[in-house]
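Undergrad: Mind having a look at this structure? Questions to follow.
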Amino acid sequence: MLVTAGPTREPLDPVRFLTNRSSGKMGYELAHAFSGAGHTVLLVSGPTAIDVPDGVDFLPVETAAEMHAAVEHHIGRMDVAVFAAAVADYTPAMVAPEKIKKTGERITLELVRTPDILGSARESFGFAGTLVGFAAETENLEANARDKLRRKGCDLVIANDVSKPGIGFDSDHNQVLLVFPEHTEALPLATKHDLAHQLVQAIFETHAVKRC
Ligand code: C5P
């Protein structure tokens, strides 16, 4: 099993970076639950404050480009890949070699797109296993998640509404929709720990059906 987790960190200069509010909790709970179910797990993670679960192989990365390279290198030997990382969509076009000085009243940052790791899994990396993505949306949750499922060739997209207070980003709780190619299932609000066990179950069922 491959699990990506956490935020990425996109450097601006030697002391500054762009990042997001992802805590990494959902991905780490998933890695823990997969490992507890007896599977070999590689956790590719951006920087978080969480301890690596026992029995999980760990590959720390910082940037979206590093996460892309790590996934490209390892995905070929995986049966299941779950992309729970909150990967930055843009990265600074240039990393200043020295600390950026306080000069004018305004500065402009130029950002360029990062590689779409989930979107690379099928076409670029040739991954034929069970592919699971996450979708964090603030509107049209199910429709946006279903669109992502089709565009990226996923078997399942786990969608959560990040506009709702108390769930999702940096929270211990989450409430998700499971969006499959043929149907959608809503799971009740739960701790990320309990939810991880339900998600692992759903992912295994999906994997078993796919192998038939
Ligand atoms: O398009 P969006 O960023 O909402 O897609 C979220 C899903 O895509 C998550 O599974 C996330 O881990 C993955 N993703 C990725 N590489 C990116 C952006 C998102 O793997 N550059």
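All residue names refer to the structure tokens as shown: chains lettered A, B, ... in order, residues numbered from 1 in each chain, ligands numbered from 1 in order.
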Can you pull out the residues contacting Pro11 of chain A? Cut-off 12 Å, using only C-alpha atoms, and skip same-chain residues under 6 positions away; I want them as an MDAnalysis selection string.

TA: chainID A and resid 17:19 62:65 88 90:100 109 111

Undergrad: If we count only C-alpha atoms, what is near Gly6 of chain A at a cut-off of 6 Å, once residues fewer than 6 positions away on the same chain are taken out, given as JSON, numbers by chain?

TA: {"A": [22, 23, 24, 45, 46, 85, 86]}

Undergrad: Let me see if you get this right: every residue at most 9 Å from ligand 1, counting only C-alpha atoms and all ligand atoms, written as a PyMOL selection string.

TA: chain A and resi 4-6+64-65+67-68+82-90+113-121+132-137+144-145+148+152+157-158

Undergrad: Produce a file of the selected residues containing C-alpha atoms, as a compact mmCIF listing (two decimals), in the first residue's frame.

TA:
```
# COMPACT_ATOMS: atom_id res chain seq x y z
CA THR A 4 0.71 10.03 0.59
CA ALA A 5 0.01 12.41 3.45
CA GLY A 6 0.53 15.85 4.88
CA ALA A 64 5.42 18.60 -4.45
CA ALA A 65 8.24 17.82 -6.90
CA MET A 67 6.63 13.81 -3.55
CA HIS A 68 6.06 13.30 -7.28
CA VAL A 82 -4.11 6.30 -1.59
CA PHE A 83 -3.35 9.98 -2.16
CA ALA A 84 -4.27 11.78 1.05
CA ALA A 85 -1.61 14.50 0.77
CA ALA A 86 -2.62 18.14 0.40
CA VAL A 87 -0.15 18.87 -2.37
CA ALA A 88 0.49 22.53 -3.19
CA ASP A 89 -0.99 23.38 -6.58
CA TYR A 90 1.58 26.13 -7.22
CA ARG A 113 1.98 24.74 -11.38
CA THR A 114 3.29 21.73 -9.50
CA PRO A 115 3.09 18.24 -11.00
CA ASP A 116 -0.30 16.56 -10.50
CA ILE A 117 0.79 13.39 -8.73
CA LEU A 118 -2.62 11.68 -8.61
CA GLY A 119 -3.23 12.72 -12.22
CA SER A 120 0.10 11.15 -13.24
CA ALA A 121 -0.60 7.76 -11.64
CA VAL A 132 -7.87 6.29 -4.36
CA GLY A 133 -7.89 10.08 -4.30
CA PHE A 134 -9.20 12.67 -1.87
CA ALA A 135 -11.20 15.74 -2.78
CA ALA A 136 -11.43 18.72 -0.46
CA GLU A 137 -14.14 20.98 -1.80
CA ASN A 144 -16.58 17.88 -8.25
CA ALA A 145 -15.43 14.62 -6.69
CA LYS A 148 -12.02 14.15 -10.35
CA LYS A 152 -7.78 10.94 -12.88
CA VAL A 157 -12.61 9.46 -4.40
CA ILE A 158 -13.08 10.30 -0.73
```

Undergrad: Can I get the residues of segment 62-157 of chain A within 9 Å of segment 165-184 of chain A, each with the closest pair of atoms and their distance in Å to one decimal, using only C-alpha atoms, sorted chain first then ascending number, as a Markdown table?

TA:
```
| residue | atom | partner | partner_atom | distance |
| --- | --- | --- | --- | --- |
| A:Ala136 | CA | A:Gly168 | CA | 8.1 |
| A:Leu141 | CA | A:Leu177 | CA | 8.5 |
| A:Glu142 | CA | A:Val179 | CA | 7.2 |
| A:Ala145 | CA | A:Val179 | CA | 6.8 |
| A:Arg146 | CA | A:Val179 | CA | 6.4 |
| A:Leu149 | CA | A:Pro181 | CA | 7.3 |
| A:Arg150 | CA | A:Pro181 | CA | 7.8 |
| A:Cys154 | CA | A:Pro181 | CA | 8.4 |
| A:Asp155 | CA | A:Phe180 | CA | 6.3 |
| A:Leu156 | CA | A:Phe180 | CA | 4.9 |
| A:Val157 | CA | A:Val179 | CA | 5.1 |
```

Undergrad: Where in segment 17-195 of chain A does DSSP assign helix (DSSP H, G or I), given as a ChimeraX atom specification?

TA: /A:25-36,64-77,117-123,141-151,192-195

Undergrad: Let's see if you can do this: from backbone DSSP, list all strand (DSSP E) residues in segment 6-191 of chain A, as number ranges by chain.

TA: A: 10-13, 16-18, 42-45, 57-60, 80-83, 90-92, 111-113, 130-137, 156-161, 173-174, 176-179, 184-186, 190-191

Undergrad: Using the selection just defined, write its residues with C-alpha atoms as a PDB file, in the first residue's frame.

TA:
```pdb
ATOM      1  CA  GLU A  10       7.337  25.078  -1.414  1.00  0.00           C
ATOM      2  CA  PRO A  11      10.443  27.185  -0.690  1.00  0.00           C
ATOM      3  CA  LEU A  12      10.639  30.903  -1.471  1.00  0.00           C
ATOM      4  CA  ASP A  13      14.126  31.480  -0.088  1.00  0.00           C
ATOM      5  CA  ARG A  16      10.543  30.828   3.942  1.00  0.00           C
ATOM      6  CA  PHE A  17       8.044  28.566   2.242  1.00  0.00           C
ATOM      7  CA  LEU A  18       4.419  28.322   1.078  1.00  0.00           C
ATOM      8  CA  LEU A  42       4.932   2.971   2.469  1.00  0.00           C
ATOM      9  CA  LEU A  43       3.995   6.408   3.802  1.00  0.00           C
ATOM     10  CA  VAL A  44       5.289   9.269   1.649  1.00  0.00           C
ATOM     11  CA  SER A  45       4.732  12.377   3.709  1.00  0.00           C
ATOM     12  CA  ASP A  57       7.924   2.361   6.005  1.00  0.00           C
ATOM     13  CA  PHE A  58       8.430   6.101   5.925  1.00  0.00           C
ATOM     14  CA  LEU A  59       9.720   8.357   3.176  1.00  0.00           C
ATOM     15  CA  PRO A  60       9.752  12.034   4.183  1.00  0.00           C
ATOM     16  CA  VAL A  80      -3.164   0.090  -3.745  1.00  0.00           C
ATOM     17  CA  ALA A  81      -2.268   3.795  -3.767  1.00  0.00           C
ATOM     18  CA  VAL A  82      -4.107   6.301  -1.589  1.00  0.00           C
ATOM     19  CA  PHE A  83      -3.349   9.979  -2.165  1.00  0.00           C
ATOM     20  CA  TYR A  90       1.577  26.133  -7.216  1.00  0.00           C
ATOM     21  CA  THR A  91       5.211  26.659  -6.285  1.00  0.00           C
ATOM     22  CA  PRO A  92       7.413  29.757  -6.545  1.00  0.00           C
ATOM     23  CA  LEU A 111       4.000  30.893  -9.026  1.00  0.00           C
ATOM     24  CA  VAL A 112       4.032  27.955 -11.417  1.00  0.00           C
ATOM     25  CA  ARG A 113       1.976  24.744 -11.385  1.00  0.00           C
ATOM     26  CA  THR A 130      -6.487   0.393  -6.998  1.00  0.00           C
ATOM     27  CA  LEU A 131      -6.253   4.175  -7.056  1.00  0.00           C
ATOM     28  CA  VAL A 132      -7.866   6.292  -4.358  1.00  0.00           C
ATOM     29  CA  GLY A 133      -7.885  10.085  -4.300  1.00  0.00           C
ATOM     30  CA  PHE A 134      -9.202  12.665  -1.874  1.00  0.00           C
ATOM     31  CA  ALA A 135     -11.197  15.744  -2.784  1.00  0.00           C
ATOM     32  CA  ALA A 136     -11.428  18.719  -0.464  1.00  0.00           C
ATOM     33  CA  GLU A 137     -14.140  20.985  -1.803  1.00  0.00           C
ATOM     34  CA  LEU A 156     -12.696   5.791  -5.398  1.00  0.00           C
ATOM     35  CA  VAL A 157     -12.615   9.459  -4.402  1.00  0.00           C
ATOM     36  CA  ILE A 158     -13.081  10.297  -0.725  1.00  0.00           C
ATOM     37  CA  ALA A 159     -14.684  13.724  -0.635  1.00  0.00           C
ATOM     38  CA  ASN A 160     -14.985  16.118   2.249  1.00  0.00           C
ATOM     39  CA  ASP A 161     -16.559  19.549   2.496  1.00  0.00           C
ATOM     40  CA  HIS A 173     -12.892  14.582  12.870  1.00  0.00           C
ATOM     41  CA  ASN A 174     -14.061  14.148   9.349  1.00  0.00           C
ATOM     42  CA  VAL A 176     -16.894  12.150   3.937  1.00  0.00           C
ATOM     43  CA  LEU A 177     -18.687  10.965   0.836  1.00  0.00           C
ATOM     44  CA  LEU A 178     -17.336   7.859  -0.869  1.00  0.00           C
ATOM     45  CA  VAL A 179     -17.647   8.524  -4.587  1.00  0.00           C
ATOM     46  CA  THR A 184     -22.023   7.412  -3.870  1.00  0.00           C
ATOM     47  CA  GLU A 185     -22.114   6.515  -0.187  1.00  0.00           C
ATOM     48  CA  ALA A 186     -22.237   9.032   2.691  1.00  0.00           C
ATOM     49  CA  ALA A 190     -16.444  10.212  12.886  1.00  0.00           C
ATOM     50  CA  THR A 191     -12.972  10.643  14.337  1.00  0.00           C
TER      51      THR A 191
END
```

Undergrad: Mind giving me the straight-line distance from atom CA of Leu187 of chain A to atom CA of Ser163 of chain A in Å, one decimal?

TA: 17.2 Å

Undergrad: One number please: atom CA of Thr138 of chain A to atom CA of Leu30 of chain A, in Å, one decimal.

TA: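 Value for the atom CA of Thr138 of chain A-atom CA of Leu30 of chain A distance: 23.1 Å.
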
Undergrad: From the set A:Met78, A:Glu110, A:His39, A:Thr8, which residue has the shortest atom-to-atom contact distance to Glu66 of chain A, counting only C-alpha atoms?

TA: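 Of A:Met78, A:Glu110, A:His39, A:Thr8, the one nearest Glu66 of chain A is A:Thr8, counting only C-alpha atoms.
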
Undergrad: Between atom CA of Val56 of chain A and atom CA of Gly153 of chain A, what is the distance, to one decimal in Å?

TA: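 The value is 26.6 Å.
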